[in-house]
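All remarks here apply to the structure that follows.
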Number of protein chains: 2
Amino acid sequence: MVGMNSTAAGDGATGRGRPRGFDRDAALVQAIRLFWERGYEATSIGELTRAMGVRPASLYAAFGDKKSLFEEAVAAYGRTPPGAFLDIAFAEEPTARGAFSRVLHEAALVYADPAHPAGCLTISAATNVTPQDAGILAFLRDLRNRNLARFEDRLRTARATGELPADTDPHAPARYFATVIQGMSQQARDGATQAELTRVAELALAAWPSATAG
Amino acid sequence: MVGMNSTAAGDGATGRGRPRGFDRDAALVQAIRLFWERGYEATSIGELTRAMGVRPASLYAAFGDKKSLFEEAVAAYGRTPPGAFLDIAFAEEPTARGAFSRVLHEAALVYADPAHPAGCLTISAATNVTPQDAGILAFLRDLRNRNLARFEDRLRTARATGELPADTDPHAPARYFATVIQGMSQQARDGATQAELTRVAELALAAWPSATAG
DNA sequence: CGATTTCTTGAGCGATCGTTCAAGAAAGAC
DNA sequence: GTCTTTCTTGAACGATCGCTCAAGAAATCG
């Protein structure tokens, strides 16, 4: 009944005291899944404790309050493939065109992957929120707007290196691709398949700023 | 203190009994605004009664339970300009290209209009929902997928009348435009302005299926 | 007028929300 | 072994959730 301790979490784990009776990382995976599927407020502590196999007091001892658990879940989600594919593509692709194309195509596969909840946690987990949890909404919105700024930076760099025409406006295409990606997340939640979203990704790339300039 | 009765609601109002002490339509407008801004579950009966100027018992007597109130609010929203612009554009524009172009441009203006909550109620009001309210989620998702089917129908018709090439696939562009519109709603909620979304609409139209065929 | 009908008021229903507390259990330190 | 530290257990905290009920108030009908 007594499981192994967690692998390596940021607790000041010197080994003193009774060891934790559950796998902290495995429990966090369950929390991610629930927040991903239902969102922040629609996921209750009761559901979390049930899915994580942990009693409330243990959950609070290990993760703090619900907000802290959510923020840690978002951070851990960002280190999984579905949450990190954008960063990886931007880091690995040499050209901006290649980066955006890859992000769109991978979003199609990731968002509609039946192996996990549809869409993107960052996009959909704090859409409907009580005023008292406005901080959670702002937390995810800032994350999204940070990605928007990275889109714009990447396009600006592409213009500076000559990949894009000198008169290219980086602002509008950045907003456009962010729009398409957020829309793809919604579409996946509405039942769109990987094949359908791949076609959407291909169509979206028709707006790539090369032939005509704004 | 005693206001006028409602204009014309579907109650079996023969005039018997004590008249309603509040304007039913005006109260419904406040309900729309709250559901629009926060979504279904994040809007409590307490907030609704406060904003509508009505006590709980009066609300339940006039609108039934929370789910019925929401469905009526969605229906009424669909008869306001922000909720009906798609239907109007599709009805008035002779060409498919004109219809989609107009829908995209009007979505940019409507979704980021500072005069009311950002985005589209149908798109954003039931993203995060408890399992017990799964019916509300399905209700709005069906509404969205109905619009998707209308997009496809419109493109199919355009192909039949010769506006689009005979080998045009109506499915993919329909999904694409639905994706962009839902993304625009999200972007508006994240702070995108009317001008920014208008540029997104213009870029999105670059994927219009005419020059290249899938 | 009295009778009937409908709405409003104010209180409160059971359930669930996020969270915490006291007591017991399992480990290392000495 | 005992002491200390940490985690687990089970119960329960106050607050809020959606919703309802009994009593009083305001209208029409006869």
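Here, A, B, ... name the chains of the structure tokens in the order displayed, residue numbers run from 1 inside each chain, and ligands are numbered from 1 in the same displayed order.
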
Distance filter 10 Å, only C-alpha atoms (C1' of nucleotides), chain A against chain D, as a PyMOL selection string: chain A and resi 15-21+54-58+61-62

Any chance you could export the current selection's N, CA and C atoms as a compact mmCIF listing (two decimals), in the first residue's frame?
```
# COMPACT_ATOMS: atom_id res chain seq x y z
N GLY A 15 14.41 13.86 3.95
CA GLY A 15 14.18 12.48 4.31
C GLY A 15 13.61 12.34 5.71
N ARG A 16 13.56 13.46 6.40
CA ARG A 16 13.01 13.42 7.77
C ARG A 16 11.50 13.24 7.76
N GLY A 17 10.98 12.60 8.80
CA GLY A 17 9.54 12.47 8.94
C GLY A 17 8.94 11.35 8.10
N ARG A 18 7.68 11.16 8.25
CA ARG A 18 6.98 10.11 7.49
C ARG A 18 7.00 10.42 6.01
N PRO A 19 7.36 9.46 5.19
CA PRO A 19 7.42 9.74 3.75
C PRO A 19 6.03 9.85 3.14
N ARG A 20 5.96 10.56 2.04
CA ARG A 20 4.69 10.76 1.34
C ARG A 20 4.17 9.42 0.83
N GLY A 21 2.89 9.19 1.02
CA GLY A 21 2.31 7.90 0.67
C GLY A 21 1.87 7.76 -0.76
N VAL A 54 -5.83 10.86 -3.29
CA VAL A 54 -5.24 11.56 -2.15
C VAL A 54 -6.36 12.23 -1.35
N ARG A 55 -6.21 12.29 -0.05
CA ARG A 55 -7.20 13.00 0.76
C ARG A 55 -6.89 14.49 0.74
N PRO A 56 -7.94 15.29 0.99
CA PRO A 56 -7.78 16.75 0.92
C PRO A 56 -6.56 17.28 1.69
N ALA A 57 -6.41 16.84 2.93
CA ALA A 57 -5.31 17.38 3.74
C ALA A 57 -3.96 17.07 3.12
N SER A 58 -3.83 15.87 2.53
CA SER A 58 -2.56 15.51 1.89
C SER A 58 -2.32 16.36 0.65
N ALA A 61 -1.20 19.70 1.79
CA ALA A 61 0.17 19.65 2.32
C ALA A 61 1.18 19.57 1.19
N ALA A 62 0.82 18.89 0.11
CA ALA A 62 1.78 18.65 -0.97
C ALA A 62 1.81 19.77 -2.01
```

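Using only C-alpha atoms (C1' of nucleotides), one finds that the residues of chain C close to chain B, at 10 Å or less, are DT4, DT5, DT6, DC7, DT8, DT9 and DG10 of chain C.
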
Find the residues of chain B in contact range of chain A, meaning any atom within 7 Å when counting only C-alpha atoms, and list them as a ChimeraX atom specification. /B:38-39,42,124-125,127-130,141,172,175-176,179-180,182-184,187,190,196,199-200,203-204,206-207

Restricting the output to C-alpha atoms, write the selected residues as an mmCIF file, in the first residue's frame.
```cif
data_model
loop_
_atom_site.group_PDB
_atom_site.id
_atom_site.type_symbol
_atom_site.label_atom_id
_atom_site.label_comp_id
_atom_site.auth_asym_id
_atom_site.auth_seq_id
_atom_site.Cartn_x
_atom_site.Cartn_y
_atom_site.Cartn_z
ATOM 1 C CA ARG B 38 -18.462 35.112 -17.353
ATOM 2 C CA GLY B 39 -20.142 32.069 -18.878
ATOM 3 C CA ALA B 42 -19.353 31.187 -13.311
ATOM 4 C CA SER B 124 -17.246 31.222 -24.891
ATOM 5 C CA ALA B 125 -20.070 30.762 -22.393
ATOM 6 C CA THR B 127 -16.069 26.201 -22.132
ATOM 7 C CA ASN B 128 -15.517 25.186 -18.497
ATOM 8 C CA VAL B 129 -18.412 23.187 -17.224
ATOM 9 C CA THR B 130 -19.103 20.614 -14.489
ATOM 10 C CA ARG B 141 -21.481 23.006 -29.207
ATOM 11 C CA ALA B 172 -12.011 22.105 -45.358
ATOM 12 C CA ARG B 175 -13.822 24.264 -40.996
ATOM 13 C CA TYR B 176 -11.090 26.805 -41.632
ATOM 14 C CA THR B 179 -11.690 28.100 -36.831
ATOM 15 C CA VAL B 180 -10.724 31.681 -37.628
ATOM 16 C CA GLN B 182 -13.766 31.155 -33.043
ATOM 17 C CA GLY B 183 -10.158 32.244 -32.742
ATOM 18 C CA MET B 184 -11.172 35.859 -33.292
ATOM 19 C CA GLN B 187 -8.478 37.019 -29.346
ATOM 20 C CA ASP B 190 -7.577 38.505 -24.797
ATOM 21 C CA GLU B 196 -6.228 44.207 -35.198
ATOM 22 C CA ARG B 199 -6.337 42.751 -40.249
ATOM 23 C CA VAL B 200 -6.789 39.147 -39.153
ATOM 24 C CA LEU B 203 -5.341 37.770 -43.884
ATOM 25 C CA ALA B 204 -7.797 34.932 -43.333
ATOM 26 C CA ALA B 206 -6.157 34.838 -48.433
ATOM 27 C CA ALA B 207 -7.168 31.202 -48.082
#
```

If you measure from atom CA of A:Ala115 to atom CA of A:Pro82, what distance in Å do you get, rounded to one decimal? 10.7 Å

Expected answer as a ChimeraX atom specification: alpha helix (DSSP H) residues in stretch 130-183 of chain A: /A:134-160,171-183

Of the candidates A:Arg50, A:Leu148, A:Ile32, A:Pro114, which shows the shortest atom-to-atom distance to A:Gly78, using only C-alpha atoms? A:Ile32

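We find atom CA of A:Arg79 and atom CA of A:Ala112 to be spaced 18.7 Å apart.
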